[in-house]
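A.B. asks: Before I ask anything, here is the structure I am working with.
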Amino acid sequence: MTLTSRPGTTAEPVGSGGGTGLPGARRYLDIGDLSLESGVTLSGVRICYESWGQLNERGDNAVLVEHALTGDSHVVGPPGPDHPTPGWWEGLIGLGSPLDERYFVVAANVLGGCRGTTGPSSPAPDGQPYGSRFPAITVRDQVKAEAALAEHLGISSFAAVLGGSMGGMRALEWGVTYPAQVRRVIAVATTAAASGDQIAWAASQLAAIRMDPDFAGGDYYAGRPPLRGLSVARQIAHTTYRSGYELNTRFGRARQDDGPQFAVESYLDHHGTKLGRRFDANSYMVLTEAMNAHDIGRGRGGVEAVLQRFSPRLTAAVVDSDRLYTPAEGARLATARGAAPLVTMHSDHGHDGFLIEAAQVAAVVRGALA
Ligand SMILES: CC(=O)SCCNC(=O)CCNC(=O)[C@H](O)C(C)(C)COP(=O)(O)OP(=O)(O)OC[C@H]1O[C@@H](n2cnc3c(N)ncnc32)[C@H](O)[C@@H]1OP(=O)(O)O
Ligand SMILES: N[C@@H](CCO)C(=O)O
């Protein structure tokens with residue numbers, strides 16, 4: 001990333017919010033072709049993003065907020081025409097919040113996703129959706145696309161790049177790939193490299209989608225989407241996102257409406273069906289595979305070597321009941337050169353605690369930026 005502004009095409013903003021962070025403030029930037037880590041070139045890449053606040057003259061008061069697997073650029077704010085869901089980290093941005101008027105906050109929809117940034121459901125150069133033709137991408141590719149956005153916006157350096165889960169992976173990659181442009185990384189409920197356990201849980205999710213007859217090898221956009229496979233994938237994932245303690249105490253052995261189905265089955269079914277209404281199965285697979293490939297040490301001498309030369313200040317935070325991105329993985333991050341002591345958040349909810357315990361996350365961010 002150089003500090004000069006680069007050519008890019010800003011498409012018409014949609015909605016009416018401009019850069020204010022009000023609903024409908026999504027904007028699009030066409031960054032052109034992106035050469036991927038695999039050597040493949042993805043042509044005509046578009047980034048969809050939101051921003052809050054003003055960039056200062058030095059271009060160094062920016063903060064990048066990175067969303068997780070099924071999140072999006074709508075970090076805070078009510079639902080609106082462009083945002084079927086409310087903000088997922090309410091209280092993080094705005095007056096009186098950790099990311100207040102001192103900062104220019106940016107959040108982009110991730111490369112490979114389905115909320116406006118180029119992904120498998122986007123049109124390929126032939127005008128048809130990529131579908132099965134969408135290339136494998138990595139977290140590094142996602143960060144490279146975001147760097148093009150940062151450059152276009154005139155950002156010289158970030159005061160912080162922060163995110164949870166898959167968002168934390170991107171935050172870490174930013175710190176490794178662009179150390180001179182990132183002063184602080186805040187990595188929440190995440191890992192330096194996908195573990196065998198995480199890849200194993202992902203394997204059955206990917207298989208569930210592939211086994212849905214509606215998947216059609218990924219080329220289903222003209223027909224029915226593979227909602228049953230996606231639902232099962234989400235149900236497996238959601239179980240790993242919550243703690244056994246929560247599932248036992250909240251649902252236990254109760255039956256749904258005194259019928260034959262366990263209440264916890266009904267709950268998982270609800271979340272599986274709900275995701276199908278807002279998420280594309282191909283994106284789910286592409287992003288899951290990108291997370292599986294995540295390893296900040298790949299081609300760089302391994303994770304420990306990278307952590308020992310990590311140059312931005314690093315704050316790692318974990319959720320004590322997270323059985324997917326375990327506290328041990330956060331503790332490993334906190335061994336990085338110059339890292340702050342590990343922050344442990346308490347939640348009975350497991351991994352999703354990084355979304356649910358918004359006040360604790362806000363305290364982590366406030367503390368890291370103090
Ligand atoms: C809020 C958003 O979705 S933000 C939009 C962008 N999305 C993201 O960023 C993804 C991140 N968000 C998420 O993963 C989730 O929304 C979370 C983690 C925030 C949800 O956490 P919680 O608020 O604790 O929700 P919880 O797990 O209790 O589920 C509540 C839902 O389960 C339903 N439910 C609860 N018990 C049962 C049951 N026995 N049977 C069927 N449904 C049930 C509730 O009716 C509720 O439904 P609704 O979400 O349609 O209103
Ligand atoms: N509930 C989160 C979990 C992934 O970290 C999501 O759907 O993005």
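Residue numbers start at 1 in each chain; chains themselves are named A, B, ... in the order of the structure tokens; ligands are numbered from 1 in the order shown.
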Dump as a Markdown table the rows for residues of range 178-247 of chain A within 10 Å of range 318-330 of chain A: closest atom pair and distance in Å with one decimal, only C-alpha atoms counted, ordered by chain and rising residue number.

C.D. replies:
```
| residue | atom | partner | partner_atom | distance |
| --- | --- | --- | --- | --- |
| A:Ala187 | CA | A:Gly330 | CA | 8.3 |
| A:Val188 | CA | A:Val318 | CA | 5.9 |
| A:Ala189 | CA | A:Val318 | CA | 4.7 |
| A:Thr190 | CA | A:Tyr325 | CA | 5.5 |
| A:Thr191 | CA | A:Glu329 | CA | 5.5 |
| A:Ala192 | CA | A:Glu329 | CA | 7.4 |
| A:Ala193 | CA | A:Glu329 | CA | 8.8 |
| A:Ala194 | CA | A:Tyr325 | CA | 8.9 |
| A:Ser195 | CA | A:Tyr325 | CA | 8.7 |
| A:Asp197 | CA | A:Leu324 | CA | 7.7 |
| A:Gln198 | CA | A:Leu324 | CA | 6.5 |
| A:Trp201 | CA | A:Leu324 | CA | 8.9 |
| A:Ala237 | CA | A:Leu324 | CA | 9.5 |
| A:Thr239 | CA | A:Leu324 | CA | 9.7 |
| A:Thr240 | CA | A:Leu324 | CA | 6.0 |
| A:Tyr241 | CA | A:Leu324 | CA | 6.9 |
| A:Arg242 | CA | A:Asp322 | CA | 7.5 |
| A:Ser243 | CA | A:Ser321 | CA | 6.2 |
| A:Gly244 | CA | A:Arg323 | CA | 8.8 |
| A:Tyr245 | CA | A:Ser321 | CA | 8.6 |
| A:Glu246 | CA | A:Ser321 | CA | 9.6 |
```

A.B. asks: May I ask you to write as a PyMOL selection string all residues lying at most 8 Å from ligand 2, with only C-alpha atoms and all ligand atoms counted?

C.D. replies: chain A and resi 67-71+164-166+237-238+241+351-352+355

A.B. asks: Go ahead and save the picked residues with N, CA and C atoms, as a tab-separated table (two decimals), in the first residue's frame.

C.D. replies:
```tsv
chain	number	residue	atom	x	y	z
A	67	HIS	N	-15.83	-7.31	9.95
A	67	HIS	CA	-16.94	-8.15	10.39
A	67	HIS	C	-16.60	-9.65	10.32
A	68	ALA	N	-17.43	-10.42	10.99
A	68	ALA	CA	-17.23	-11.88	11.03
A	68	ALA	C	-17.93	-12.56	9.85
A	69	LEU	N	-18.01	-13.87	9.89
A	69	LEU	CA	-18.44	-14.69	8.75
A	69	LEU	C	-19.71	-14.19	8.07
A	70	THR	N	-20.79	-14.01	8.84
A	70	THR	CA	-22.05	-13.63	8.19
A	70	THR	C	-22.43	-12.19	8.51
A	71	GLY	N	-21.48	-11.42	9.02
A	71	GLY	CA	-21.73	-10.01	9.29
A	71	GLY	C	-21.62	-9.18	8.02
A	164	GLY	N	-13.60	-9.38	15.14
A	164	GLY	CA	-13.78	-10.62	15.88
A	164	GLY	C	-13.91	-11.80	14.95
A	165	SER	N	-13.45	-12.95	15.39
A	165	SER	CA	-13.59	-14.18	14.62
A	165	SER	C	-12.93	-14.03	13.25
A	166	MET	N	-13.66	-14.23	12.15
A	166	MET	CA	-13.05	-14.03	10.84
A	166	MET	C	-12.58	-12.59	10.67
A	237	ALA	N	-22.55	-25.00	12.79
A	237	ALA	CA	-21.72	-23.86	13.20
A	237	ALA	C	-22.28	-23.21	14.45
A	238	HIS	N	-23.60	-23.02	14.47
A	238	HIS	CA	-24.21	-22.31	15.60
A	238	HIS	C	-23.97	-23.05	16.91
A	241	TYR	N	-20.83	-22.05	18.11
A	241	TYR	CA	-20.79	-20.63	18.50
A	241	TYR	C	-21.35	-20.42	19.90
A	351	HIS	N	-18.58	-18.60	21.86
A	351	HIS	CA	-17.94	-17.75	20.84
A	351	HIS	C	-18.78	-16.52	20.49
A	352	ASP	N	-20.09	-16.69	20.32
A	352	ASP	CA	-20.95	-15.55	19.98
A	352	ASP	C	-20.93	-14.47	21.05
A	355	LEU	N	-20.11	-11.02	20.03
A	355	LEU	CA	-21.16	-10.16	19.47
A	355	LEU	C	-22.16	-9.75	20.54
```

A.B. asks: Once you count only C-alpha atoms and all ligand atoms, what closest atom pair and distance in Å to one decimal does each residue of chain A within 9 Å of ligand 1 have, with rows by chain and rising residue number, as CSV?

C.D. replies:
```
residue,atom,partner,partner_atom_place_in_ligand_line,distance
A:His67,CA,ligand 1,9 (O),6.8
A:Ala68,CA,ligand 1,9 (O),6.5
A:Leu69,CA,ligand 1,10 (C),7.2
A:Thr70,CA,ligand 1,10 (C),4.9
A:Gly71,CA,ligand 1,9 (O),3.2
A:Asp72,CA,ligand 1,6 (C),5.8
A:Ser73,CA,ligand 1,6 (C),8.6
A:His74,CA,ligand 1,6 (C),7.5
A:Val75,CA,ligand 1,9 (O),7.9
A:His83,CA,ligand 1,5 (C),8.4
A:Pro84,CA,ligand 1,5 (C),7.7
A:Thr85,CA,ligand 1,5 (C),4.5
A:Pro86,CA,ligand 1,4 (S),5.4
A:Gly87,CA,ligand 1,4 (S),5.6
A:Trp88,CA,ligand 1,4 (S),4.5
A:Trp89,CA,ligand 1,9 (O),8.0
A:His238,CA,ligand 1,14 (O),8.0
A:Tyr241,CA,ligand 1,18 (C),7.9
A:Arg242,CA,ligand 1,27 (O),8.0
A:Arg250,CA,ligand 1,36 (N),8.6
A:Phe251,CA,ligand 1,39 (N),7.3
A:Ala254,CA,ligand 1,39 (N),8.9
A:Arg255,CA,ligand 1,39 (N),8.4
A:Gln256,CA,ligand 1,39 (N),6.1
A:Asp257,CA,ligand 1,39 (N),8.5
A:Phe262,CA,ligand 1,39 (N),8.0
A:Ala263,CA,ligand 1,39 (N),4.3
A:Val264,CA,ligand 1,39 (N),5.8
A:Glu265,CA,ligand 1,40 (N),7.3
A:Ser266,CA,ligand 1,40 (N),4.1
A:Tyr267,CA,ligand 1,40 (N),3.7
A:Leu268,CA,ligand 1,41 (C),7.1
A:Asp269,CA,ligand 1,41 (C),6.9
A:His270,CA,ligand 1,42 (N),4.9
A:His271,CA,ligand 1,32 (O),6.5
A:Lys274,CA,ligand 1,50 (O),6.9
A:Leu275,CA,ligand 1,3 (O),8.7
A:Arg278,CA,ligand 1,5 (C),8.8
A:His349,CA,ligand 1,24 (O),7.6
A:His351,CA,ligand 1,18 (C),8.6
A:Asp352,CA,ligand 1,18 (C),4.9
A:Gly353,CA,ligand 1,18 (C),7.3
A:Phe354,CA,ligand 1,18 (C),8.3
A:Leu355,CA,ligand 1,19 (C),5.5
A:Ile356,CA,ligand 1,19 (C),5.6
```

A.B. asks: Produce a file of the selected residues containing N, CA and C atoms, as a short mmCIF file (atom, residue, chain, number, x, y, z; two decimals), in the first residue's frame.

C.D. replies:
```
data_model
loop_
_atom_site.label_atom_id
_atom_site.label_comp_id
_atom_site.auth_asym_id
_atom_site.auth_seq_id
_atom_site.Cartn_x
_atom_site.Cartn_y
_atom_site.Cartn_z
N HIS A 67 -15.83 -7.31 9.95
CA HIS A 67 -16.94 -8.15 10.39
C HIS A 67 -16.60 -9.65 10.32
N ALA A 68 -17.43 -10.42 10.99
CA ALA A 68 -17.23 -11.88 11.03
C ALA A 68 -17.93 -12.56 9.85
N LEU A 69 -18.01 -13.87 9.89
CA LEU A 69 -18.44 -14.69 8.75
C LEU A 69 -19.71 -14.19 8.07
N THR A 70 -20.79 -14.01 8.84
CA THR A 70 -22.05 -13.63 8.19
C THR A 70 -22.43 -12.19 8.51
N GLY A 71 -21.48 -11.42 9.02
CA GLY A 71 -21.73 -10.01 9.29
C GLY A 71 -21.62 -9.18 8.02
N ASP A 72 -21.64 -7.88 8.21
CA ASP A 72 -21.56 -6.99 7.05
C ASP A 72 -21.01 -5.64 7.49
N SER A 73 -21.09 -4.67 6.59
CA SER A 73 -20.51 -3.36 6.88
C SER A 73 -21.35 -2.55 7.86
N HIS A 74 -22.53 -3.03 8.20
CA HIS A 74 -23.44 -2.25 9.05
C HIS A 74 -23.12 -2.53 10.52
N VAL A 75 -22.05 -1.91 11.00
CA VAL A 75 -21.56 -2.16 12.36
C VAL A 75 -22.55 -1.65 13.39
N HIS A 83 -30.13 -2.30 4.63
CA HIS A 83 -29.64 -3.07 5.77
C HIS A 83 -30.78 -3.84 6.40
N PRO A 84 -31.02 -5.06 5.95
CA PRO A 84 -32.13 -5.80 6.54
C PRO A 84 -31.92 -6.11 8.02
N THR A 85 -30.67 -6.04 8.47
CA THR A 85 -30.40 -6.36 9.87
C THR A 85 -29.80 -5.14 10.57
N PRO A 86 -30.03 -5.04 11.88
CA PRO A 86 -29.46 -3.91 12.62
C PRO A 86 -27.95 -4.10 12.80
N GLY A 87 -27.31 -3.07 13.30
CA GLY A 87 -25.87 -3.15 13.55
C GLY A 87 -25.53 -4.30 14.48
N TRP A 88 -24.36 -4.87 14.25
CA TRP A 88 -23.97 -6.06 15.02
C TRP A 88 -23.00 -5.74 16.15
N TRP A 89 -22.48 -4.50 16.22
CA TRP A 89 -21.66 -4.08 17.36
C TRP A 89 -22.17 -2.73 17.82
N HIS A 238 -23.60 -23.02 14.47
CA HIS A 238 -24.21 -22.31 15.60
C HIS A 238 -23.97 -23.05 16.91
N TYR A 241 -20.83 -22.05 18.11
CA TYR A 241 -20.79 -20.63 18.50
C TYR A 241 -21.35 -20.42 19.90
N ARG A 242 -22.05 -21.41 20.43
CA ARG A 242 -22.65 -21.25 21.75
C ARG A 242 -22.02 -22.26 22.70
N ARG A 250 -30.35 -23.25 29.05
CA ARG A 250 -31.43 -22.52 28.35
C ARG A 250 -32.49 -23.48 27.81
N PHE A 251 -32.03 -24.64 27.30
CA PHE A 251 -32.97 -25.57 26.66
C PHE A 251 -33.04 -26.91 27.38
N ALA A 254 -35.88 -29.89 27.41
CA ALA A 254 -37.25 -29.42 27.16
C ALA A 254 -37.67 -29.74 25.72
N ARG A 255 -38.96 -30.01 25.57
CA ARG A 255 -39.54 -30.24 24.23
C ARG A 255 -40.18 -28.94 23.73
N GLN A 256 -40.13 -28.76 22.44
CA GLN A 256 -40.72 -27.57 21.84
C GLN A 256 -42.25 -27.69 21.86
N ASP A 257 -42.91 -26.77 22.53
CA ASP A 257 -44.38 -26.76 22.60
C ASP A 257 -44.94 -28.12 22.99
N PHE A 262 -37.10 -31.61 20.39
CA PHE A 262 -36.43 -30.91 21.49
C PHE A 262 -36.40 -29.41 21.17
N ALA A 263 -36.50 -28.60 22.22
CA ALA A 263 -36.49 -27.14 22.02
C ALA A 263 -35.17 -26.69 21.39
N VAL A 264 -34.07 -27.36 21.75
CA VAL A 264 -32.78 -26.94 21.19
C VAL A 264 -32.71 -27.26 19.70
N GLU A 265 -33.42 -28.33 19.29
CA GLU A 265 -33.49 -28.63 17.85
C GLU A 265 -34.25 -27.53 17.12
N SER A 266 -35.35 -27.12 17.74
CA SER A 266 -36.16 -26.05 17.14
C SER A 266 -35.35 -24.75 17.03
N TYR A 267 -34.59 -24.48 18.08
CA TYR A 267 -33.75 -23.27 18.10
C TYR A 267 -32.72 -23.31 16.97
N LEU A 268 -32.05 -24.45 16.81
CA LEU A 268 -31.05 -24.55 15.74
C LEU A 268 -31.72 -24.46 14.37
N ASP A 269 -32.86 -25.10 14.25
CA ASP A 269 -33.60 -25.06 12.99
C ASP A 269 -33.95 -23.60 12.63
N HIS A 270 -34.36 -22.85 13.67
CA HIS A 270 -34.69 -21.44 13.45
C HIS A 270 -33.49 -20.67 12.90
N HIS A 271 -32.33 -20.87 13.53
CA HIS A 271 -31.14 -20.13 13.08
C HIS A 271 -30.70 -20.57 11.69
N LYS A 274 -33.14 -19.02 9.26
CA LYS A 274 -32.99 -17.56 9.24
C LYS A 274 -31.78 -17.15 8.40
N LEU A 275 -30.69 -17.90 8.52
CA LEU A 275 -29.51 -17.53 7.72
C LEU A 275 -29.80 -17.64 6.23
N ARG A 278 -30.83 -14.57 4.42
CA ARG A 278 -29.95 -13.40 4.24
C ARG A 278 -28.55 -13.76 3.76
N HIS A 349 -22.27 -17.40 26.81
CA HIS A 349 -22.78 -17.73 25.48
C HIS A 349 -21.79 -18.42 24.56
N HIS A 351 -18.58 -18.60 21.86
CA HIS A 351 -17.94 -17.75 20.84
C HIS A 351 -18.78 -16.52 20.49
N ASP A 352 -20.09 -16.69 20.32
CA ASP A 352 -20.95 -15.55 19.98
C ASP A 352 -20.93 -14.47 21.05
N GLY A 353 -20.32 -14.75 22.19
CA GLY A 353 -20.16 -13.72 23.21
C GLY A 353 -19.48 -12.48 22.66
N PHE A 354 -18.64 -12.65 21.64
CA PHE A 354 -17.95 -11.47 21.09
C PHE A 354 -18.93 -10.54 20.38
N LEU A 355 -20.11 -11.02 20.03
CA LEU A 355 -21.16 -10.16 19.47
C LEU A 355 -22.16 -9.75 20.54
N ILE A 356 -22.44 -10.66 21.46
CA ILE A 356 -23.51 -10.41 22.44
C ILE A 356 -23.04 -9.47 23.55
#
```

A.B. asks: Counting only C-alpha atoms, figure out which residue out of A:Ala208, A:Val303, A:Val185, A:Leu92 gets nearest to Ser231 in chain A.

C.D. replies: A:Ala208

A.B. asks: For Ser157 in chain A, which of A:Gly91, A:Gly218, A:Gly59, A:Pro225 is the closest residue, counting only C-alpha atoms?

C.D. replies: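 Of A:Gly91, A:Gly218, A:Gly59, A:Pro225, the one nearest Ser157 in chain A is A:Gly59, counting only C-alpha atoms.
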
A.B. asks: At a cut-off of 9 Å, using only C-alpha atoms, what residues contact Ala180 in chain A? Leave out same-chain residues fewer than 5 positions from it and give the result as a PyMOL selection string.

C.D. replies: chain A and resi 157+175+311-312
